[in-house]
Structure formats: C-alpha cells, structure tokens
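upload29.pdb follows (PDB, C-alpha atoms):
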ATOM      1  CA  MET A   1      90.389  28.819  93.591
ATOM      2  CA  SER A   2      91.935  26.992  96.545
ATOM      3  CA  VAL A   3      91.285  23.329  97.184
ATOM      4  CA  LYS A   4      91.270  21.792 100.652
ATOM      5  CA  VAL A   5      91.815  18.178 101.606
ATOM      6  CA  SER A   6      92.071  16.669 105.057
ATOM      7  CA  THR A   7      92.521  13.373 106.796
ATOM      8  CA  ARG A   8      93.288  12.154 110.306
ATOM      9  CA  ALA A   9      94.661   9.285 112.349
ATOM     10  CA  PHE A  10      94.870   8.226 115.968
ATOM     11  CA  PHE A  11      98.320   7.847 117.517
ATOM     12  CA  ASP A  12      99.044   5.856 120.677
ATOM     13  CA  ALA A  13     101.188   8.635 122.107
ATOM     14  CA  SER A  14     100.790  11.796 124.157
ATOM     15  CA  VAL A  15      99.760  15.004 122.432
ATOM     16  CA  GLU A  16     103.141  16.549 123.371
ATOM     17  CA  ASP A  17     105.099  13.723 121.758
ATOM     18  CA  CYS A  18     102.953  13.860 118.617
ATOM     19  CA  PHE A  19     103.609  17.577 118.283
ATOM     20  CA  LYS A  20     107.334  17.161 118.959
ATOM     21  CA  VAL A  21     107.809  14.409 116.391
ATOM     22  CA  TYR A  22     106.325  16.642 113.692
ATOM     23  CA  TRP A  23     108.070  19.804 114.839
ATOM     24  CA  LYS A  24     111.558  18.324 114.588
ATOM     25  CA  LEU A  25     112.095  18.488 110.843
ATOM     26  CA  GLU A  26     115.036  16.076 110.945
ATOM     27  CA  ASN A  27     112.440  13.411 111.781
ATOM     28  CA  TRP A  28     111.019  13.752 108.297
ATOM     29  CA  LEU A  29     114.201  12.194 106.939
ATOM     30  CA  ILE A  30     113.708   9.214 109.235
ATOM     31  CA  ALA A  31     109.959   8.826 108.756
ATOM     32  CA  LEU A  32     109.704   9.110 104.979
ATOM     33  CA  ASP A  33     112.143   7.487 102.580
ATOM     34  CA  ASP A  34     111.383   9.896  99.711
ATOM     35  CA  ILE A  35     112.709  12.889 101.680
ATOM     36  CA  LEU A  36     116.222  13.469 100.379
ATOM     37  CA  SER A  37     117.277  16.410 102.539
ATOM     38  CA  VAL A  38     115.981  18.888 105.070
ATOM     39  CA  ASP A  39     117.620  22.167 105.961
ATOM     40  CA  VAL A  40     116.337  24.168 108.927
ATOM     41  CA  SER A  41     117.764  27.666 108.594
ATOM     42  CA  TYR A  42     115.970  29.093 111.649
ATOM     43  CA  ASP A  43     114.155  27.607 114.641
ATOM     44  CA  ASP A  44     113.253  29.536 117.792
ATOM     45  CA  GLY A  45     110.856  26.893 119.092
ATOM     46  CA  GLU A  46     107.794  28.657 117.681
ATOM     47  CA  HIS A  47     108.900  29.562 114.163
ATOM     48  CA  GLN A  48     110.955  27.724 111.603
ATOM     49  CA  THR A  49     112.259  28.481 108.150
ATOM     50  CA  PHE A  50     113.223  25.441 106.141
ATOM     51  CA  SER A  51     113.792  23.819 102.780
ATOM     52  CA  MET A  52     113.056  20.204 101.957
ATOM     53  CA  THR A  53     113.966  18.176  98.887
ATOM     54  CA  VAL A  54     111.708  15.291  98.004
ATOM     55  CA  SER A  55     112.079  12.558  95.396
ATOM     56  CA  ARG A  56     109.007  12.288  93.176
ATOM     57  CA  SER A  57     108.320  10.186  90.094
ATOM     58  CA  THR A  58     108.805  13.358  88.048
ATOM     59  CA  GLY A  59     112.179  14.142  89.661
ATOM     60  CA  GLU A  60     113.438  15.993  92.700
ATOM     61  CA  GLU A  61     111.310  18.779  94.171
ATOM     62  CA  THR A  62     112.536  21.368  96.638
ATOM     63  CA  VAL A  63     110.040  23.333  98.681
ATOM     64  CA  ARG A  64     110.872  26.251 100.952
ATOM     65  CA  GLY A  65     108.771  27.841 103.587
ATOM     66  CA  VAL A  66     107.964  28.676 107.123
ATOM     67  CA  ARG A  67     106.299  26.746 109.951
ATOM     68  CA  TYR A  68     104.472  28.128 112.974
ATOM     69  CA  GLY A  69     104.172  25.913 116.030
ATOM     70  CA  PHE A  70     101.473  26.338 118.666
ATOM     71  CA  TRP A  71     102.816  23.977 121.301
ATOM     72  CA  ALA A  72     100.977  20.628 121.444
ATOM     73  CA  LYS A  73      97.989  22.102 119.606
ATOM     74  CA  ARG A  74      98.684  23.065 116.042
ATOM     75  CA  LEU A  75     101.421  23.316 113.467
ATOM     76  CA  GLU A  76     101.007  25.434 110.341
ATOM     77  CA  VAL A  77     103.167  25.472 107.252
ATOM     78  CA  CYS A  78     103.273  27.926 104.365
ATOM     79  CA  GLN A  79     105.458  27.068 101.403
ATOM     80  CA  PHE A  80     106.888  30.215  99.821
ATOM     81  CA  THR A  81     108.311  27.968  97.116
ATOM     82  CA  PRO A  82     105.584  25.371  96.557
ATOM     83  CA  PRO A  83     106.091  22.161  94.547
ATOM     84  CA  PRO A  84     106.104  22.417  90.726
ATOM     85  CA  GLY A  85     102.604  22.883  89.323
ATOM     86  CA  PHE A  86     101.255  24.599  92.457
ATOM     87  CA  CYS A  87     100.521  28.326  92.866
ATOM     88  CA  SER A  88     100.292  27.995  96.639
ATOM     89  CA  MET A  89     100.484  25.381  99.359
ATOM     90  CA  PHE A  90      99.515  25.639 103.022
ATOM     91  CA  GLY A  91      99.217  22.910 105.587
ATOM     92  CA  VAL A  92      97.969  22.410 109.116
ATOM     93  CA  TRP A  93      98.423  19.620 111.619
ATOM     94  CA  SER A  94      96.202  19.816 114.657
ATOM     95  CA  PHE A  95      96.649  17.667 117.719
ATOM     96  CA  THR A  96      93.796  16.725 120.051
ATOM     97  CA  SER A  97      94.418  14.738 123.190
ATOM     98  CA  ILE A  98      91.991  11.824 123.581
ATOM     99  CA  SER A  99      93.673  10.477 126.725
ATOM    100  CA  ASN A 100      97.170  10.507 128.278
ATOM    101  CA  ASN A 101      98.536   8.236 125.608
ATOM    102  CA  ARG A 102      96.188   8.707 122.679
ATOM    103  CA  THR A 103      96.022  11.639 120.286
ATOM    104  CA  CYS A 104      93.978  12.480 117.231
ATOM    105  CA  VAL A 105      96.212  14.030 114.564
ATOM    106  CA  ASN A 106      94.294  15.883 111.889
ATOM    107  CA  THR A 107      96.113  17.145 108.834
ATOM    108  CA  GLU A 108      94.949  19.324 105.997
ATOM    109  CA  ARG A 109      96.347  20.943 102.893
ATOM    110  CA  ILE A 110      95.032  24.007 101.139
ATOM    111  CA  PHE A 111      96.488  24.499  97.694
ATOM    112  CA  GLU A 112      95.951  26.072  94.318
ATOM    113  CA  LEU A 113      97.088  24.494  91.080
ATOM    114  CA  ILE A 114      98.363  26.242  87.986
ATOM    115  CA  ASP A 115      96.333  23.813  85.855
ATOM    116  CA  HIS A 116      92.906  23.493  87.480
ATOM    117  CA  SER A 117      91.967  20.512  85.310
ATOM    118  CA  LYS A 118      94.274  18.402  87.466
ATOM    119  CA  GLU A 119      92.425  19.156  90.709
ATOM    120  CA  GLU A 120      90.586  15.858  91.154
ATOM    121  CA  TYR A 121      93.690  13.767  90.541
ATOM    122  CA  THR A 122      95.796  16.011  92.780
ATOM    123  CA  LYS A 123      93.249  15.861  95.610
ATOM    124  CA  GLU A 124      93.301  12.046  95.536
ATOM    125  CA  ASN A 125      97.078  11.980  95.395
ATOM    126  CA  MET A 126      97.334  14.505  98.229
ATOM    127  CA  VAL A 127      95.061  12.432 100.484
ATOM    128  CA  PHE A 128      97.208   9.388  99.692
ATOM    129  CA  LEU A 129     100.377  11.314 100.637
ATOM    130  CA  LEU A 130      98.793  12.698 103.815
ATOM    131  CA  ASN A 131      97.692   9.232 104.922
ATOM    132  CA  ARG A 132     101.165   7.892 104.212
ATOM    133  CA  ASN A 133     102.623  10.780 106.200
ATOM    134  CA  LEU A 134     100.337  10.086 109.163
ATOM    135  CA  SER A 135     101.124   6.376 109.061
ATOM    136  CA  ALA A 136     104.890   7.000 108.943
ATOM    137  CA  PHE A 137     104.849   9.465 111.842
ATOM    138  CA  ARG A 138     102.488   7.259 113.872
ATOM    139  CA  LYS A 139     105.006   4.415 113.598
ATOM    140  CA  LEU A 140     107.859   6.721 114.540
ATOM    141  CA  VAL A 141     106.247   8.221 117.621
ATOM    142  CA  GLU A 142     104.775   4.906 118.787
ATOM    143  CA  LYS A 143     108.306   3.476 118.707
ATOM    144  CA  GLY A 144     109.244   6.230 121.154
ATOM    145  CA  HIS A 145     111.148   8.396 118.678
ATOM    146  CA  VAL A 146     110.433  12.043 119.461
TER     147      VAL A 146
ATOM    148  CA  MET B   1     104.659  46.980 124.452
ATOM    149  CA  VAL B   2     104.235  50.461 122.996
ATOM    150  CA  VAL B   3     100.811  52.002 122.398
ATOM    151  CA  GLN B   4      99.595  55.079 120.581
ATOM    152  CA  SER B   5      96.126  56.553 120.416
ATOM    153  CA  ALA B   6      95.105  57.796 116.970
ATOM    154  CA  CYS B   7      92.142  58.531 114.729
ATOM    155  CA  ILE B   8      92.882  55.723 112.294
ATOM    156  CA  GLU B   9      90.654  52.895 111.188
ATOM    157  CA  PRO B  10      92.324  49.764 112.693
ATOM    158  CA  THR B  11      92.226  47.660 109.510
ATOM    159  CA  ALA B  12      93.655  50.554 107.458
ATOM    160  CA  PHE B  13      96.559  50.856 109.907
ATOM    161  CA  ILE B  14      97.372  47.143 109.773
ATOM    162  CA  THR B  15      97.028  47.141 105.982
ATOM    163  CA  ALA B  16      99.567  49.975 105.886
ATOM    164  CA  ILE B  17     101.882  48.051 108.211
ATOM    165  CA  TRP B  18     101.535  45.040 105.878
ATOM    166  CA  SER B  19     102.404  47.118 102.822
ATOM    167  CA  GLY B  20     106.035  47.642 101.911
ATOM    168  CA  GLU B  21     105.198  50.817  99.991
ATOM    169  CA  GLU B  22     103.532  52.406 103.034
ATOM    170  CA  TRP B  23     106.656  51.808 105.097
ATOM    171  CA  LYS B  24     108.778  53.634 102.558
ATOM    172  CA  THR B  25     106.430  56.628 102.816
ATOM    173  CA  SER B  26     105.640  56.602 106.525
ATOM    174  CA  TRP B  27     108.964  55.813 108.169
ATOM    175  CA  ASP B  28     112.134  57.445 106.921
ATOM    176  CA  GLN B  29     114.450  54.978 108.679
ATOM    177  CA  ILE B  30     113.506  52.281 106.148
ATOM    178  CA  LEU B  31     116.091  52.290 103.398
ATOM    179  CA  ASP B  32     114.689  49.448 101.304
ATOM    180  CA  VAL B  33     111.876  46.873 101.355
ATOM    181  CA  ILE B  34     111.836  43.790  99.138
ATOM    182  CA  ILE B  35     108.810  41.508  99.379
ATOM    183  CA  ASP B  36     109.747  37.997  98.264
ATOM    184  CA  TYR B  37     106.390  36.384  98.995
ATOM    185  CA  ASP B  38     102.929  37.676  99.882
ATOM    186  CA  ASP B  39      99.670  35.749  99.711
ATOM    187  CA  GLY B  40      97.758  38.178 101.927
ATOM    188  CA  GLU B  41      98.220  36.016 105.019
ATOM    189  CA  HIS B  42     101.906  35.129 104.868
ATOM    190  CA  GLN B  43     104.717  37.399 103.833
ATOM    191  CA  ALA B  44     108.479  37.038 103.487
ATOM    192  CA  LEU B  45     110.379  40.282 103.182
ATOM    193  CA  ARG B  46     113.860  41.700 103.373
ATOM    194  CA  LEU B  47     114.449  45.105 104.899
ATOM    195  CA  LYS B  48     117.330  47.472 104.992
ATOM    196  CA  ILE B  49     116.928  49.846 107.910
ATOM    197  CA  ASN B  50     118.874  52.623 109.528
ATOM    198  CA  TRP B  51     119.622  51.502 113.091
ATOM    199  CA  GLN B  52     121.644  53.925 115.199
ATOM    200  CA  GLY B  53     123.177  55.434 112.069
ATOM    201  CA  GLU B  54     124.180  52.110 110.523
ATOM    202  CA  PRO B  55     122.448  50.281 107.651
ATOM    203  CA  VAL B  56     121.200  46.897 108.882
ATOM    204  CA  ASP B  57     119.765  44.070 106.757
ATOM    205  CA  LEU B  58     116.879  42.079 108.183
ATOM    206  CA  SER B  59     114.849  39.124 107.010
ATOM    207  CA  VAL B  60     111.282  39.113 108.329
ATOM    208  CA  MET B  61     108.455  36.564 108.084
ATOM    209  CA  ARG B  62     105.027  38.015 108.778
ATOM    210  CA  PHE B  63     101.645  36.431 109.347
ATOM    211  CA  ARG B  64      98.409  38.412 109.233
ATOM    212  CA  ASN B  65      96.462  36.705 112.013
ATOM    213  CA  SER B  66      93.399  38.880 111.464
ATOM    214  CA  PRO B  67      92.519  42.131 109.664
ATOM    215  CA  THR B  68      93.773  44.010 112.719
ATOM    216  CA  GLN B  69      96.837  42.004 113.778
ATOM    217  CA  VAL B  70     100.184  41.085 112.235
ATOM    218  CA  GLU B  71     102.653  38.744 113.904
ATOM    219  CA  PHE B  72     106.259  38.406 112.780
ATOM    220  CA  PHE B  73     109.595  36.807 113.463
ATOM    221  CA  CYS B  74     113.091  37.460 112.138
ATOM    222  CA  PRO B  75     115.033  34.455 110.809
ATOM    223  CA  CYS B  76     117.940  36.883 110.343
ATOM    224  CA  PRO B  77     117.640  39.364 113.212
ATOM    225  CA  PRO B  78     120.060  42.281 113.695
ATOM    226  CA  LYS B  79     123.493  41.017 114.750
ATOM    227  CA  GLU B  80     123.011  42.210 118.356
ATOM    228  CA  LEU B  81     120.037  39.860 118.746
ATOM    229  CA  ASN B  82     119.516  36.109 118.890
ATOM    230  CA  ARG B  83     115.782  36.397 118.588
ATOM    231  CA  GLN B  84     113.210  38.986 117.652
ATOM    232  CA  VAL B  85     109.476  38.318 117.410
ATOM    233  CA  GLY B  86     106.618  40.753 117.684
ATOM    234  CA  THR B  87     103.166  41.927 116.751
ATOM    235  CA  TRP B  88     101.424  44.980 115.323
ATOM    236  CA  SER B  89      97.775  45.408 116.203
ATOM    237  CA  ALA B  90      95.032  47.997 116.401
ATOM    238  CA  GLU B  91      91.636  48.200 118.024
ATOM    239  CA  THR B  92      88.846  50.729 118.229
ATOM    240  CA  GLN B  93      88.156  52.343 121.590
ATOM    241  CA  ALA B  94      84.783  53.420 122.964
ATOM    242  CA  ASP B  95      85.604  57.098 122.258
ATOM    243  CA  GLY B  96      86.049  56.370 118.536
ATOM    244  CA  ASN B  97      89.829  56.614 118.628
ATOM    245  CA  SER B  98      91.992  53.618 117.914
ATOM    246  CA  ILE B  99      94.773  52.157 120.005
ATOM    247  CA  LEU B 100      97.775  51.115 117.928
ATOM    248  CA  LYS B 101     100.041  48.567 119.586
ATOM    249  CA  ALA B 102     103.508  47.228 118.897
ATOM    250  CA  THR B 103     104.945  44.398 120.982
ATOM    251  CA  ARG B 104     108.423  42.930 120.818
ATOM    252  CA  ASN B 105     110.094  39.930 122.420
ATOM    253  CA  ILE B 106     113.833  40.044 121.972
ATOM    254  CA  VAL B 107     116.839  38.090 123.210
ATOM    255  CA  LEU B 108     120.106  39.963 123.029
ATOM    256  CA  ALA B 109     123.143  37.992 121.830
ATOM    257  CA  ARG B 110     125.446  37.485 124.786
ATOM    258  CA  LYS B 111     129.088  38.449 124.405
ATOM    259  CA  TRP B 112     131.696  35.885 125.341
ATOM    260  CA  SER B 113     132.237  35.793 129.113
ATOM    261  CA  GLU B 114     129.961  38.804 129.609
ATOM    262  CA  ALA B 115     128.950  39.363 133.233
ATOM    263  CA  ASP B 116     125.241  38.985 134.068
ATOM    264  CA  VAL B 117     124.982  42.602 135.168
ATOM    265  CA  ALA B 118     126.552  43.862 131.941
ATOM    266  CA  TYR B 119     124.252  41.685 129.854
ATOM    267  CA  ARG B 120     121.184  42.915 131.759
ATOM    268  CA  TYR B 121     122.299  46.523 131.338
ATOM    269  CA  ARG B 122     122.814  46.101 127.600
ATOM    270  CA  SER B 123     119.422  44.361 127.282
ATOM    271  CA  GLU B 124     117.656  47.162 129.142
ATOM    272  CA  ARG B 125     119.440  49.787 127.057
ATOM    273  CA  TYR B 126     118.522  48.022 123.813
ATOM    274  CA  CYS B 127     114.881  47.767 124.939
ATOM    275  CA  GLU B 128     114.807  51.482 125.735
ATOM    276  CA  ILE B 129     116.079  52.363 122.260
ATOM    277  CA  LEU B 130     113.659  49.917 120.651
ATOM    278  CA  ARG B 131     110.697  51.291 122.648
ATOM    279  CA  GLU B 132     111.538  54.831 121.575
ATOM    280  CA  ARG B 133     111.853  53.724 117.966
ATOM    281  CA  LEU B 134     108.491  51.912 118.063
ATOM    282  CA  ARG B 135     106.889  54.974 119.615
ATOM    283  CA  LEU B 136     108.198  57.088 116.734
ATOM    284  CA  ILE B 137     107.015  54.556 114.134
ATOM    285  CA  LEU B 138     103.482  54.501 115.581
ATOM    286  CA  LEU B 139     103.497  58.295 115.800
ATOM    287  CA  SER B 140     104.722  58.605 112.233
ATOM    288  CA  PHE B 141     102.026  56.276 110.856
ATOM    289  CA  SER B 142      99.330  57.942 112.962
ATOM    290  CA  ILE B 143     100.247  61.454 111.769
ATOM    291  CA  ARG B 144     100.299  60.350 108.128
ATOM    292  CA  MET B 145      97.080  58.352 108.299
ATOM    293  CA  GLN B 146      95.096  60.507 110.719
ATOM    294  CA  ARG B 147      91.465  61.049 109.726
ATOM    295  CA  PRO B 148      88.990  63.474 111.367
ATOM    296  CA  CYS B 149      87.461  61.865 114.496
TER     297      CYS B 149
END

Now that the file is in, can you turn its structure into structure tokens?
Amino acid sequence: MSVKVSTRAFFDASVEDCFKVYWKLENWLIALDDILSVDVSYDDGEHQTFSMTVSRSTGEETVRGVRYGFWAKRLEVCQFTPPPGFCSMFGVWSFTSISNNRTCVNTERIFELIDHSKEEYTKENMVFLLNRNLSAFRKLVEKGHV
Amino acid sequence: MVVQSACIEPTAFITAIWSGEEWKTSWDQILDVIIDYDDGEHQALRLKINWQGEPVDLSVMRFRNSPTQVEFFCPCPPKELNRQVGTWSAETQADGNSILKATRNIVLARKWSEADVAYRYRSERYCEILRERLRLILLSFSIRMQRPC
C-alpha cells in the first residue's frame, strides 16, 4: 500500500528559475549539506538518469533513478534503487506561477515501505525532509542561483 | 511518425509493447531483453537488437503515461545517435479498428568536420531506415495480435 505526503512553499522567483534550480542536479550538492555526491549519467533536457549519495544518521544511502522534466511545470522522479527500507519511491515537484516573481512549489512523495509499521514515523520524517528541501532551494533560487 | 491500422484492442497492444516477453515473440530482431525495474508505470530495460546486421546494446527508460501510451528515452542510444526519444500509442477508430502509432525524435551524432549536407543526408537516410523498421514492428505485432473485427 503506497503512502503519499505533500507540502508546498512560495518562492520569490520566476516559475522558470524555480524549475531550473531543481532540474540542475548539481544544485542539490549546494543546497543540501547531507548530499555527498550526485552523478548525472544522462540529461537531454527532458530526461535524466542519476545517482545520489546522501548521508543519513544510519549511514550513507545511494539512490538511483530517472527524472522527467516538463519545462516550468512539473518534475517527476522515480527511484529504481530507492533508499534502504523502501519498496518504491516516486516524487513530484509542481510549479505554479503566482506572478512574475512569485511561484508556488508543491512537492509530494509516494512511497511504499518494507515494514508498514513504520509508516506514521516515516510520513512525519518525509514531510520534515521535504520542508527542509523546499527551504534550502528557496534560499538558493532567491539568491539568484539557477 | 509511423501508423498502422489493425484489429487490436489498444490497451492489449500497449501492454504487449510494455512486456519484454512479447517483444521476444513478436519481433525477431530483438536478441535479448533484460528488465531491471518495472513498477507498472516506470521501466528500465536493456535490449540487444539486430540493427543492420550488427548486434547493438541499448538502455531504455520507459514510462506508461496511460493504458494506451508508452513514452521512452534512451540514456545509452545506439552509437550513431546522440539522442533518441519516442512514444508507442494506440487508439480506437470509429470503424472499430485501432490505429497503432510509433513516433521517434532522434539526433544523429555528427562526425568530426562533417559538412552540413552530408549530415543532413545521413540523418534522412537513418530516418528512412528507422521508419521502415517501425513499420515492420507495428505490422509484426498487428499480425500476431490480430483479433476478428
């Protein structure tokens, strides 16, 4: 049974810049200090294949997957190798222009755990991580880094 | 874009396109299919195909947009190409037949110092071969899966 969590934030930046800052995976290294490495093995502007190693309290985790970009609208990720403890992990960022320099960024994760008893804790933790992610990228794009 | 009219239920056709086993049965130019990941919506697979008499290894990422459409891209396209993306889709027509469609968007790898005219000629030639191949694939699936209309 899949679980879905979502959260959102408002960025003082154009919808194009918000999309771009998320699309460029190298930015993840700058935005979040627990990202240890990012490797983009393919990027044609609409599709990416990547791996990302993250430092967690339980040790290093490497996820691998694919991202689909729908320019300035939506970015989808599917992790073929999800983090330890997860059967599956999908994510979506959607970008809605509020005005020329203001964008609503909505992010969601759909996942399935191996141990379903951990769902409530994982949902809370995931929302915390998503909010931290939004906050980090908001700072980055509002500083003009795209 | 290549199209083929056939008496096939659209979802059944796309399900066959999604299935590695169906490819092995329906198209004899597939030498091997290895599915590394498949959750029903996303799929990562490796193919070995016969292309112009040579075995070619491909890596393909596919996304089932809907029951009747599959979109894909190739992180490791054939060596002649820089980019290959495409779709498979099917829809029912008013007469009860289905239209099967294959679209491709390719960018041929340019040879060093290749003249524009030579590059355009090679691109057109490659597209012709690809169109013919897609036509044969659609024909092959439609013959195998044909049901009475």

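Selecting chain A residues within 10 Å of chain B and counting all atoms listed in the file yields Ser41, Tyr42, Asp43, Asp44, Glu46, His47, Gln48, Thr49, Gly65, Val66, Tyr68, Cys78, Gln79, Phe80, Thr81, Ser88 and Phe90 of chain A.
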
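If all atoms listed in the file are the atoms counted, then among A:Gly85, A:Arg56, A:Phe19, A:Gly69 the closest residue to Asp115 of chain A is A:Gly85.
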
Pull out every residue that the PyMOL selection byres ((chain B and resi 130) around 12) matches in the shown coordinates and put them as a ChimeraX atom specification. /B:1-2,51-52,84,86,102-106,123-129,131-137

Determine the nearest neighbour of Leu113 of chain A from the options A:Ala31, A:Pro82, A:Asn133, A:Ile98, counting all atoms listed in the file. A:Pro82

Using the chain letters and numbers from the file, which residues does the PyMOL selection byres ((chain A and resi 107) around 7) grab, as a ChimeraX atom specification? /A:6-8,92-94,105-106,108

For those residues, write C-alpha atoms to a file as a PDB file, in the coordinates of the input.
ATOM      1  CA  SER A   6      92.071  16.669 105.057  1.00  0.00           C
ATOM      2  CA  THR A   7      92.521  13.373 106.796  1.00  0.00           C
ATOM      3  CA  ARG A   8      93.288  12.154 110.306  1.00  0.00           C
ATOM      4  CA  VAL A  92      97.969  22.410 109.116  1.00  0.00           C
ATOM      5  CA  TRP A  93      98.423  19.620 111.619  1.00  0.00           C
ATOM      6  CA  SER A  94      96.202  19.816 114.657  1.00  0.00           C
ATOM      7  CA  VAL A 105      96.212  14.030 114.564  1.00  0.00           C
ATOM      8  CA  ASN A 106      94.294  15.883 111.889  1.00  0.00           C
ATOM      9  CA  GLU A 108      94.949  19.324 105.997  1.00  0.00           C
TER      10      GLU A 108
END

What lies within 7 Å of Ser26 of chain B using all atoms listed in the file, ignoring chain neighbours under 5 positions off, as an MDAnalysis selection string? chainID B and resid 140:141 144

Could you state which residues are captured by the PyMOL selection byres ((chain A and resi 10) around 12) in this file, as a PyMOL selection string? chain A and resi 7-9+11-15+18+94-99+101-107+131+134-135+137-139+141-142

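Straight-line separation from atom CA of Tyr119 of chain B to atom CA of Asn50 of chain B: 23.7 Å.
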
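Here atom CA of Thr87 of chain B and atom CA of Ser19 of chain B stand 14.9 Å from one another.
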
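Note that atom CA of Leu47 of chain B and atom CA of Gln29 of chain B are 10.6 Å apart.
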
Determine the axis-aligned bounding box of all atoms of segment 4-14 of chain B present in the file, pad each side by 8 Å, and express its centre and edge lengths in Å to one decimal place as JSON.
{"center_x": 95.1, "center_y": 52.8, "center_z": 114.0, "size_x": 24.9, "size_y": 27.4, "size_z": 29.1}

Set the distance at 7 Å and use all atoms listed in the file: which residues neighbour Pro83 of chain A once local chain neighbours fewer than 4 positions away are removed? I'd like the list as a ChimeraX atom specification. /A:61-63

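Non-sequential neighbours of Asp33 of chain A (distance at most 10 Å, separation of 6 or more positions within a chain, only C-alpha atoms) are Val54, Ser55 and Ala136 of chain A.
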